[in-house]
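Asker: Just so it is clear, I am handing over work.json, which has JSON, C-alpha atoms.
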```json
[["chain", "number", "residue", "atom", "x", "y", "z"],
["A", 73, "MET", "CA", 0.00, 0.00, 0.00],
["A", 74, "LYS", "CA", 1.13, 3.54, -0.74],
["A", 75, "ILE", "CA", 0.67, 4.75, 2.85],
["A", 76, "ASP", "CA", 2.98, 1.98, 4.11],
["A", 77, "ARG", "CA", 5.60, 2.96, 1.53],
["A", 78, "LEU", "CA", 5.34, 6.64, 2.49],
["A", 79, "ILE", "CA", 5.90, 5.83, 6.15],
["A", 80, "SER", "CA", 8.79, 3.53, 5.25],
["A", 81, "ILE", "CA", 10.39, 6.29, 3.15],
["A", 82, "VAL", "CA", 10.21, 8.69, 6.12],
["A", 83, "VAL", "CA", 11.80, 6.10, 8.44],
["A", 84, "TYR", "CA", 14.49, 5.30, 5.85],
["A", 85, "LEU", "CA", 15.43, 8.97, 5.39],
["A", 86, "LEU", "CA", 15.54, 9.52, 9.15],
["A", 87, "ASN", "CA", 17.87, 6.55, 9.55],
["A", 88, "HIS", "CA", 20.10, 7.06, 6.49],
["A", 89, "GLY", "CA", 20.14, 10.80, 5.90],
["A", 90, "ARG", "CA", 20.56, 12.26, 2.41],
["A", 91, "THR", "CA", 19.59, 9.66, -0.21],
["A", 92, "SER", "CA", 19.19, 9.85, -3.97],
["A", 93, "ALA", "CA", 15.85, 9.21, -5.67],
["A", 94, "GLN", "CA", 17.45, 6.29, -7.54],
["A", 95, "LYS", "CA", 18.57, 4.67, -4.30],
["A", 96, "LEU", "CA", 15.08, 5.08, -2.81],
["A", 97, "ALA", "CA", 13.58, 3.59, -5.95],
["A", 98, "GLU", "CA", 15.86, 0.55, -5.65],
["A", 99, "GLU", "CA", 15.15, 0.19, -1.93],
["A", 100, "PHE", "CA", 11.35, 0.24, -2.35],
["A", 101, "GLU", "CA", 11.28, -1.47, -5.77],
["A", 102, "VAL", "CA", 9.38, 1.26, -7.58],
["A", 103, "SER", "CA", 10.30, 3.74, -10.32],
["A", 104, "SER", "CA", 12.13, 7.00, -9.69],
["A", 105, "ARG", "CA", 9.04, 8.82, -10.92],
["A", 106, "THR", "CA", 6.94, 7.10, -8.25],
["A", 107, "ILE", "CA", 9.48, 8.12, -5.59],
["A", 108, "MET", "CA", 9.30, 11.74, -6.75],
["A", 109, "ARG", "CA", 5.49, 11.65, -6.41],
["A", 110, "ASP", "CA", 5.84, 10.07, -2.96],
["A", 111, "LEU", "CA", 8.26, 12.78, -1.82],
["A", 112, "GLU", "CA", 5.86, 15.46, -3.06],
["A", 113, "SER", "CA", 3.02, 13.77, -1.13],
["A", 114, "LEU", "CA", 5.15, 13.79, 2.01],
["A", 115, "ASN", "CA", 5.93, 17.47, 1.56],
["A", 116, "GLN", "CA", 2.25, 18.24, 1.20],
["A", 117, "ALA", "CA", 1.58, 16.24, 4.38],
["A", 118, "GLY", "CA", 3.96, 18.50, 6.29],
["A", 119, "ILE", "CA", 7.09, 16.33, 6.30],
["A", 120, "PRO", "CA", 9.96, 18.82, 5.70],
["A", 121, "ILE", "CA", 11.99, 17.14, 2.94],
["A", 122, "GLN", "CA", 14.93, 19.08, 1.52],
["A", 123, "SER", "CA", 16.39, 18.50, -1.94],
["A", 124, "PHE", "CA", 20.08, 18.88, -2.83],
["A", 125, "TYR", "CA", 21.69, 18.98, -6.23],
["A", 126, "GLY", "CA", 25.11, 17.99, -7.54],
["A", 127, "VAL", "CA", 27.29, 14.91, -7.21],
["A", 128, "GLU", "CA", 26.27, 14.37, -3.57],
["A", 129, "GLY", "CA", 22.70, 15.47, -4.11],
["A", 130, "GLY", "CA", 19.58, 13.74, -2.93],
["A", 131, "TYR", "CA", 16.76, 14.13, -0.43],
["A", 132, "GLN", "CA", 16.76, 14.34, 3.33],
["A", 133, "ILE", "CA", 14.41, 15.29, 6.15],
["A", 134, "MET", "CA", 15.28, 18.48, 8.04],
["A", 135, "ASP", "CA", 17.22, 17.80, 11.24],
["A", 136, "SER", "CA", 14.58, 19.62, 13.31],
["A", 137, "PHE", "CA", 11.90, 17.06, 12.38],
["A", 138, "VAL", "CA", 11.05, 14.42, 14.99],
["A", 139, "LEU", "CA", 8.82, 11.45, 14.25],
["A", 140, "GLU", "CA", 6.64, 11.14, 17.35],
["A", 141, "LYS", "CA", 3.74, 8.95, 16.28],
["A", 142, "GLN", "CA", 3.66, 5.19, 16.15],
["A", 143, "VAL", "CA", 4.73, 4.09, 12.66],
["A", 144, "ALA", "CA", 5.17, 0.32, 12.97],
["A", 145, "THR", "CA", 2.33, -2.05, 12.12],
["A", 146, "SER", "CA", 1.19, -4.73, 14.56],
["A", 147, "HIS", "CA", 2.98, -7.39, 12.48],
["A", 148, "GLU", "CA", 6.20, -5.33, 12.56],
["A", 149, "TYR", "CA", 5.90, -5.09, 16.34],
["A", 150, "ASP", "CA", 5.64, -8.89, 16.39],
["A", 151, "TRP", "CA", 9.03, -9.04, 14.65],
["A", 152, "ILE", "CA", 10.48, -6.65, 17.25],
["A", 153, "VAL", "CA", 9.12, -8.87, 20.04],
["A", 154, "THR", "CA", 10.65, -11.94, 18.35],
["A", 155, "ALA", "CA", 14.06, -10.25, 18.17],
["A", 156, "LEU", "CA", 13.92, -9.10, 21.80],
["A", 157, "GLU", "CA", 12.81, -12.55, 22.98],
["A", 158, "GLY", "CA", 15.81, -14.02, 21.18],
["A", 159, "MET", "CA", 18.12, -11.57, 22.94],
["A", 160, "ALA", "CA", 16.44, -12.27, 26.29],
["A", 161, "SER", "CA", 17.11, -15.99, 25.85],
["A", 162, "ALA", "CA", 20.82, -15.19, 25.54],
["A", 163, "TYR", "CA", 21.27, -12.53, 28.17],
["A", 164, "ALA", "CA", 19.40, -11.96, 31.44],
["A", 165, "SER", "CA", 19.50, -8.16, 31.32],
["A", 166, "LYS", "CA", 16.98, -6.27, 33.45],
["A", 167, "SER", "CA", 16.79, -3.36, 30.98],
["A", 168, "LEU", "CA", 16.30, -5.81, 28.11],
["A", 169, "LYS", "CA", 13.46, -7.51, 29.99],
["A", 170, "GLN", "CA", 11.81, -4.12, 30.60],
["A", 171, "ALA", "CA", 12.13, -3.21, 26.91],
["A", 172, "LEU", "CA", 10.55, -6.54, 25.93],
["A", 173, "GLU", "CA", 7.62, -5.98, 28.29],
["A", 174, "LYS", "CA", 7.01, -2.50, 26.87],
["A", 175, "VAL", "CA", 6.90, -3.73, 23.28],
["A", 176, "GLN", "CA", 4.77, -6.73, 24.24],
["A", 177, "SER", "CA", 2.24, -4.32, 25.72],
["A", 178, "ILE", "CA", 1.93, -2.70, 22.27],
["A", 179, "SER", "CA", 1.90, -5.95, 20.30],
["A", 180, "HIS", "CA", -0.99, -8.09, 21.50],
["A", 181, "THR", "CA", -0.58, -10.79, 18.88],
["A", 182, "SER", "CA", 2.02, -13.39, 18.13],
["A", 183, "ASP", "CA", 1.64, -14.06, 14.42],
["A", 184, "THR", "CA", 5.29, -14.43, 13.41],
["A", 185, "ALA", "CA", 6.16, -17.86, 12.07],
["A", 186, "VAL", "CA", 9.73, -17.51, 13.34],
["A", 187, "SER", "CA", 11.21, -17.73, 16.82],
["A", 188, "VAL", "CA", 14.80, -17.29, 17.95],
["A", 189, "ASP", "CA", 16.33, -19.19, 20.85],
["A", 190, "LEU", "CA", 19.89, -18.20, 21.79],
["A", 191, "GLY", "CA", 19.79, -20.08, 25.08],
["A", 192, "VAL", "CA", 23.14, -21.70, 24.30],
["A", 193, "ALA", "CA", 24.69, -18.25, 24.84],
["A", 194, "SER", "CA", 23.50, -18.08, 28.45],
["A", 195, "GLU", "CA", 24.42, -21.52, 29.79],
["A", 196, "ASP", "CA", 27.53, -20.32, 31.65],
["A", 197, "ASP", "CA", 26.89, -18.44, 34.92],
["A", 198, "LYS", "CA", 30.37, -16.92, 34.82],
["A", 199, "ILE", "CA", 29.70, -15.45, 31.38],
["A", 200, "ASN", "CA", 26.39, -13.99, 32.59],
["A", 201, "GLU", "CA", 28.15, -12.29, 35.50],
["A", 202, "GLN", "CA", 30.78, -10.88, 33.16],
["A", 203, "LEU", "CA", 28.12, -9.57, 30.80],
["A", 204, "MET", "CA", 26.37, -7.69, 33.60],
["A", 205, "LEU", "CA", 29.63, -6.19, 34.87],
["A", 206, "LEU", "CA", 30.67, -5.13, 31.39],
["A", 207, "GLU", "CA", 27.27, -3.66, 30.56],
["A", 208, "ASP", "CA", 27.50, -1.50, 33.68],
["A", 209, "ALA", "CA", 31.07, -0.49, 32.81],
["A", 210, "ILE", "CA", 30.03, 0.51, 29.28],
["A", 211, "GLU", "CA", 27.12, 2.55, 30.61],
["A", 212, "GLU", "CA", 29.26, 4.28, 33.26],
["A", 213, "LYS", "CA", 32.20, 4.68, 30.82],
["A", 214, "CYS", "CA", 34.61, 3.00, 33.25],
["A", 215, "VAL", "CA", 37.82, 1.15, 32.37],
["A", 216, "VAL", "CA", 37.98, -2.58, 33.09],
["A", 217, "ARG", "CA", 40.88, -4.86, 33.99],
["A", 218, "PHE", "CA", 41.19, -8.59, 33.50],
["A", 219, "SER", "CA", 43.69, -11.35, 32.78],
["A", 220, "TYR", "CA", 43.38, -12.77, 29.29],
["A", 221, "THR", "CA", 44.55, -16.04, 27.75],
["A", 222, "ASN", "CA", 45.11, -15.50, 24.03],
["A", 223, "SER", "CA", 44.98, -18.08, 21.24],
["A", 224, "HIS", "CA", 48.66, -18.95, 21.88],
["A", 225, "ASP", "CA", 47.90, -19.77, 25.56],
["A", 226, "GLU", "CA", 49.76, -16.67, 26.73],
["A", 227, "VAL", "CA", 48.24, -14.98, 29.79],
["A", 228, "LYS", "CA", 48.34, -11.20, 29.81],
["A", 229, "ASP", "CA", 46.96, -8.48, 32.08],
["A", 230, "ILE", "CA", 44.65, -6.20, 30.10],
["A", 231, "GLN", "CA", 43.31, -2.75, 30.85],
["A", 232, "ALA", "CA", 40.77, -1.53, 28.30],
["A", 233, "GLU", "CA", 37.82, 0.77, 27.75],
["A", 234, "PRO", "CA", 34.77, -1.47, 27.07],
["A", 235, "VAL", "CA", 32.78, -0.23, 24.08],
["A", 236, "CYS", "CA", 30.23, -2.94, 23.28],
["A", 237, "LEU", "CA", 29.37, -6.63, 23.64],
["A", 238, "GLN", "CA", 28.84, -8.92, 20.70],
["A", 239, "TYR", "CA", 27.67, -12.52, 20.31],
["A", 240, "LYS", "CA", 29.12, -14.27, 17.25],
["A", 241, "TRP", "CA", 30.85, -17.50, 16.26],
["A", 242, "TYR", "CA", 29.07, -19.22, 19.21],
["A", 243, "ASN", "CA", 30.75, -16.97, 21.79],
["A", 244, "TRP", "CA", 30.37, -13.64, 23.58],
["A", 245, "TYR", "CA", 33.01, -11.02, 22.82],
["A", 246, "LEU", "CA", 33.97, -7.66, 24.27],
["A", 247, "ILE", "CA", 35.05, -4.97, 21.84],
["A", 248, "GLY", "CA", 37.27, -2.62, 23.79],
["A", 249, "TYR", "CA", 39.66, 0.24, 23.21],
["A", 250, "TYR", "CA", 43.13, -1.04, 24.14],
["A", 251, "GLU", "CA", 44.98, 2.13, 25.10],
["A", 252, "LYS", "CA", 48.33, 0.33, 25.05],
["A", 253, "TYR", "CA", 48.03, -0.09, 21.27],
["A", 254, "GLN", "CA", 45.73, 2.88, 20.63],
["A", 255, "ASP", "CA", 43.33, 0.59, 18.83],
["A", 256, "TYR", "CA", 40.16, -1.45, 19.22],
["A", 257, "CYS", "CA", 40.48, -5.15, 20.02],
["A", 258, "MET", "CA", 38.12, -8.08, 20.42],
["A", 259, "PHE", "CA", 38.31, -10.21, 23.56],
["A", 260, "LYS", "CA", 36.47, -13.50, 24.01],
["A", 261, "LEU", "CA", 34.72, -13.52, 27.39],
["A", 262, "VAL", "CA", 35.42, -17.18, 28.05],
["A", 263, "ARG", "CA", 39.16, -16.37, 27.97],
["A", 264, "MET", "CA", 38.80, -13.57, 30.54],
["A", 265, "ASP", "CA", 39.48, -14.03, 34.27],
["A", 266, "ASN", "CA", 39.48, -11.76, 37.33],
["A", 267, "LEU", "CA", 37.32, -9.13, 35.63],
["A", 268, "GLN", "CA", 37.22, -5.86, 37.59],
["A", 269, "VAL", "CA", 35.47, -2.57, 36.87],
["A", 270, "THR", "CA", 37.67, 0.36, 37.92],
["A", 271, "GLU", "CA", 36.77, 3.97, 38.65],
["A", 272, "ILE", "CA", 39.02, 5.17, 35.83],
["A", 273, "LYS", "CA", 36.99, 7.02, 33.18],
["A", 274, "PHE", "CA", 37.38, 6.67, 29.41],
["A", 275, "THR", "CA", 40.15, 8.70, 27.77],
["A", 276, "LYS", "CA", 37.99, 9.35, 24.67],
["A", 277, "SER", "CA", 34.46, 9.00, 23.38],
["A", 278, "HIS", "CA", 33.64, 5.95, 21.27],
["A", 279, "ASN", "CA", 31.14, 5.76, 18.45],
["A", 280, "PHE", "CA", 29.67, 2.28, 18.45],
["A", 281, "SER", "CA", 28.95, 2.26, 14.72],
["A", 282, "ASP", "CA", 32.56, 3.21, 13.98],
["A", 283, "VAL", "CA", 34.20, 0.65, 16.24],
["A", 284, "LYS", "CA", 31.98, -2.38, 15.63],
["A", 285, "LEU", "CA", 34.98, -4.52, 15.04],
["A", 286, "LYS", "CA", 35.74, -5.24, 11.50],
["A", 287, "ASP", "CA", 36.44, -8.90, 10.88],
["A", 288, "SER", "CA", 39.64, -8.09, 9.09],
["A", 289, "ASN", "CA", 40.81, -10.41, 6.33],
["A", 290, "ASN", "CA", 43.80, -11.22, 8.53],
["A", 291, "ASP", "CA", 41.51, -12.83, 11.11],
["A", 292, "ILE", "CA", 39.30, -14.82, 8.73],
["A", 293, "VAL", "CA", 40.44, -17.95, 6.92],
["A", 294, "HIS", "CA", 38.71, -19.18, 3.75],
["A", 295, "VAL", "CA", 38.84, -22.97, 3.50],
["A", 296, "LYS", "CA", 38.04, -25.38, 0.70],
["A", 297, "LEU", "CA", 37.94, -29.12, 1.33],
["A", 298, "TYR", "CA", 37.17, -32.33, -0.52],
["A", 299, "GLY", "CA", 34.74, -34.54, 1.39],
["A", 300, "LYS", "CA", 33.41, -38.06, 1.12],
["A", 301, "ALA", "CA", 29.65, -38.41, 0.64],
["A", 302, "VAL", "CA", 29.13, -39.71, 4.20],
["A", 303, "ILE", "CA", 30.11, -36.39, 5.80],
["A", 304, "LYS", "CA", 28.08, -34.10, 3.53],
["A", 305, "SER", "CA", 25.34, -33.39, 6.07],
["A", 306, "LYS", "CA", 27.87, -32.88, 8.88],
["A", 307, "CYS", "CA", 29.77, -30.32, 6.81],
["A", 308, "ARG", "CA", 26.57, -28.39, 6.25],
["A", 309, "GLU", "CA", 25.62, -28.62, 9.93],
["A", 310, "TYR", "CA", 28.91, -27.77, 11.62],
["A", 311, "LEU", "CA", 30.95, -25.73, 9.15],
["A", 312, "ASN", "CA", 28.29, -23.27, 7.95],
["A", 313, "GLY", "CA", 29.46, -23.11, 4.34],
["A", 314, "ARG", "CA", 28.31, -24.29, 0.94],
["A", 315, "ILE", "CA", 28.89, -27.15, -1.46],
["A", 316, "THR", "CA", 30.63, -25.77, -4.55],
["A", 317, "GLN", "CA", 30.85, -28.98, -6.58],
["A", 318, "GLU", "CA", 29.36, -32.49, -6.41],
["A", 319, "PHE", "CA", 30.63, -35.65, -8.09],
["A", 320, "GLU", "CA", 28.81, -38.72, -9.41],
["A", 321, "ASN", "CA", 29.86, -40.90, -6.47],
["A", 322, "GLY", "CA", 28.40, -38.39, -3.95],
["A", 323, "ASP", "CA", 31.72, -36.84, -2.95],
["A", 324, "PHE", "CA", 31.86, -33.06, -2.96],
["A", 325, "GLU", "CA", 33.91, -29.89, -2.58],
["A", 326, "PHE", "CA", 32.93, -27.58, 0.26],
["A", 327, "SER", "CA", 33.89, -23.96, 1.03],
["A", 328, "PHE", "CA", 33.50, -22.01, 4.27],
["A", 329, "SER", "CA", 35.01, -19.08, 6.17],
["A", 330, "ALA", "CA", 35.86, -18.98, 9.87],
["A", 331, "PRO", "CA", 38.00, -17.10, 12.41],
["A", 332, "LYS", "CA", 41.59, -18.19, 11.90],
["A", 333, "HIS", "CA", 42.41, -18.69, 15.58],
["A", 334, "GLU", "CA", 39.20, -20.49, 16.61],
["A", 335, "THR", "CA", 39.50, -24.21, 17.29],
["A", 336, "PHE", "CA", 35.90, -25.35, 16.78],
["A", 337, "TRP", "CA", 35.96, -25.65, 12.98],
["A", 338, "TYR", "CA", 39.50, -27.08, 13.05],
["A", 339, "GLY", "CA", 38.43, -29.76, 15.51],
["A", 340, "VAL", "CA", 35.44, -30.61, 13.31],
["A", 341, "ILE", "CA", 37.73, -31.18, 10.32],
["A", 342, "LEU", "CA", 40.02, -33.41, 12.39],
["A", 343, "SER", "CA", 37.00, -35.41, 13.55],
["A", 344, "PHE", "CA", 36.24, -36.29, 9.90],
["A", 345, "GLY", "CA", 39.50, -38.28, 9.77],
["A", 346, "ASN", "CA", 40.26, -39.57, 6.28],
["A", 347, "LYS", "CA", 36.77, -38.59, 5.06],
["A", 348, "ALA", "CA", 37.93, -35.00, 4.44],
["A", 349, "ARG", "CA", 40.99, -33.50, 2.75],
["A", 350, "ILE", "CA", 41.95, -29.82, 2.74],
["A", 351, "ILE", "CA", 42.37, -28.39, -0.76],
["A", 352, "GLU", "CA", 43.31, -24.87, 0.30],
["A", 353, "PRO", "CA", 44.84, -22.89, 1.87],
["A", 354, "GLN", "CA", 48.19, -24.65, 1.95],
["A", 355, "LYS", "CA", 48.91, -23.48, 5.51],
["A", 356, "ILE", "CA", 45.83, -25.24, 6.86],
["A", 357, "LYS", "CA", 46.77, -28.39, 4.97],
["A", 358, "GLU", "CA", 50.24, -28.28, 6.54],
["A", 359, "ARG", "CA", 48.72, -27.64, 9.97],
["A", 360, "ILE", "CA", 46.48, -30.71, 9.62],
["A", 361, "ILE", "CA", 49.45, -32.88, 8.59],
["A", 362, "LYS", "CA", 51.53, -31.60, 11.51],
["A", 363, "THR", "CA", 48.71, -32.23, 14.01],
["A", 364, "CYS", "CA", 48.13, -35.76, 12.70],
["A", 365, "LYS", "CA", 51.83, -36.60, 12.97],
["A", 366, "GLU", "CA", 51.95, -35.29, 16.54],
["A", 367, "ILE", "CA", 48.90, -37.39, 17.46],
["A", 368, "GLN", "CA", 50.46, -40.44, 15.86],
["A", 369, "MET", "CA", 53.70, -39.92, 17.79],
["A", 370, "GLU", "CA", 51.80, -39.47, 21.06],
["A", 371, "TYR", "CA", 49.90, -42.71, 20.65],
["A", 372, "GLY", "CA", 52.93, -44.49, 19.24],
["A", 373, "GLU", "CA", 54.78, -43.77, 22.49]]
```
If you convert what's in this file into structure tokens, what do you get?
Answerer:
Amino acid sequence: MKIDRLISIVVYLLNHGRTSAQKLAEEFEVSSRTIMRDLESLNQAGIPIQSFYGVEGGYQIMDSFVLEKQVATSHEYDWIVTALEGMASAYASKSLKQALEKVQSISHTSDTAVSVDLGVASEDDKINEQLMLLEDAIEEKCVVRFSYTNSHDEVKDIQAEPVCLQYKWYNWYLIGYYEKYQDYCMFKLVRMDNLQVTEIKFTKSHNFSDVKLKDSNNDIVHVKLYGKAVIKSKCREYLNGRITQEFENGDFEFSFSAPKHETFWYGVILSFGNKARIIEPQKIKERIIKTCKEIQMEYGE
């Protein structure tokens, strides 16, 4: 419906700032002419849309405009509830629970066909305690200290400014500003011990959208393997990649990407034994060979 598109255009411009008519047309899958008519309708309805010309031209809503009325449909509120319920299953935050209750009071239905359960992220009491401490530290802008065991089993004392918490790759991470290196780093919570919140305040302000840690190419490894037919379903289940080629006998080639220093995916490949063979990269192939030789020597002794 046109009214839904008009509201969506307002929300999009508020969230993204100056946007070209072509970009809006692509976003809402209509013609540029339709977008121009929609923008004119919004202007007539009192929405202050400014137009800009030139290379960086486009349309934006005046900064003084504030959208105060409810713009989400009941079905869209159901999606918000679903997302918040998923978060609540992962993290027992009081503020999160309050936010969920507020949105549930607006959305009286439960029509979404999708539910999200991240309960696996909240099974460790120690992690839950760390999350609460770090959330408070982020809110109060206080430096934290902890001992950290890195991927090389080296234990180091860390002092950092906590910026945000992130759940990915089956683990909780802290993204913090590491003053020692004047850079942002990612710390896995399960590797943190003796976490303390200090009274030391941040040395600088941090913009969450700017420091959401980039998964740099140096930290991600892209793997291709040849697998026997019997492990096809396990590859799909545990390695989160895709089959790139299948052969008549059921064997296949499989590609996936993963954090270089994580051990989960590496352990999965080892568990396949002679049913899987690394094609690339060469370094992972050499690592597999080295590990297998060390295991053989250990059991040989």
Asker: Give me the residues near region 130-139 of chain A as a list in words, where near means some atom within 8 Å (using only C-alpha atoms) and where sequence neighbours in that chain fewer than 2 positions away do not count.
Answerer: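 What passes the distance filter is Val82, Leu85, Leu86, Gly89, Arg90, Thr91, Ser92, Ala93, Ile119, Pro120, Ile121, Gln122, Ser123, Phe124, Tyr125, Glu128 and Lys141 of chain A.
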Asker: In terms of the shortest atom-to-atom distance over only C-alpha atoms, which of A:His333, A:Lys276, A:Lys260, A:Lys362 is closest to Tyr242 (chain A)?
Answerer: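 Smallest distance to Tyr242 (chain A) is found for A:Lys260.
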Asker: Which residue, A:Glu370, A:Glu309, A:Glu271, A:Glu352, has the smallest gap to Val340 (chain A) when you use all atoms listed in the file?
Answerer: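 Closest to Val340 (chain A) of all the choices is A:Glu309.
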Asker: As an exercise, work out the distance from CA of Thr270 (chain A) to CA of Glu207 (chain A) in Å and give it to one decimal place.
Answerer: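 Spanning CA of Thr270 (chain A) to CA of Glu207 (chain A) is a straight-line distance of 13.4 Å.
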Asker: With all atoms listed in the file as the atoms that count, which of A:Ser277, A:Asn321, A:Gln238, A:Ser103 lies nearest to Met159 (chain A)?
Answerer: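 Result for the nearest residue to Met159 (chain A): A:Gln238.
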Asker: So, with only C-alpha atoms as the atoms that count, which of A:Ile79, A:Lys332, A:Val235, A:Asp323 lies closest to Ala117 (chain A)?
Answerer: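 Closest to Ala117 (chain A) of all the choices is A:Ile79.
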Asker: Name all residues at most 10 Å from Thr275 (chain A) (count all atoms listed in the file; drop same-chain ones fewer than 4 positions away) and give them as number ranges by chain.
Answerer: A: 213-215, 233, 249, 251
Asker: Do you have the CA of Glu211 (chain A)-CA of Ile152 (chain A) distance handy?
Answerer: 23.2 Å
Asker: Hey, can you check how far CA of Asp196 (chain A) sits from CA of Pro234 (chain A)?
Answerer: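 So the answer is 20.7 Å.
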Asker: Give me the residues near Ile341 (chain A) as a list in words, where near means some atom within 9 Å (using all atoms listed in the file) and where sequence neighbours in that chain fewer than 3 positions away do not count.
Answerer: Cys307, Leu311, Phe336, Trp337, Tyr338, Phe344, Gly345, Ala348, Arg349, Ile350 and Ile360 of chain A
Asker: Kindly indicate which residue among A:Leu267, A:Val186, A:Ile230, A:Cys257 lies nearest to Leu203 (chain A), using all atoms listed in the file for the distances.
Answerer: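 Closest to Leu203 (chain A) of all the choices is A:Leu267.
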Asker: With only C-alpha atoms as the atoms that count, which of A:Gln317, A:Val295, A:Ala162, A:Asn200 lies nearest to Ile356 (chain A)?
Answerer: A:Val295
Asker: Would you mind listing what lies within 12 Å of Asn222 (chain A) as a ChimeraX atom specification, with all atoms listed in the file counted and same-chain residues fewer than 3 positions away left out?
Answerer: /A:219,225-230,258-265,333-334
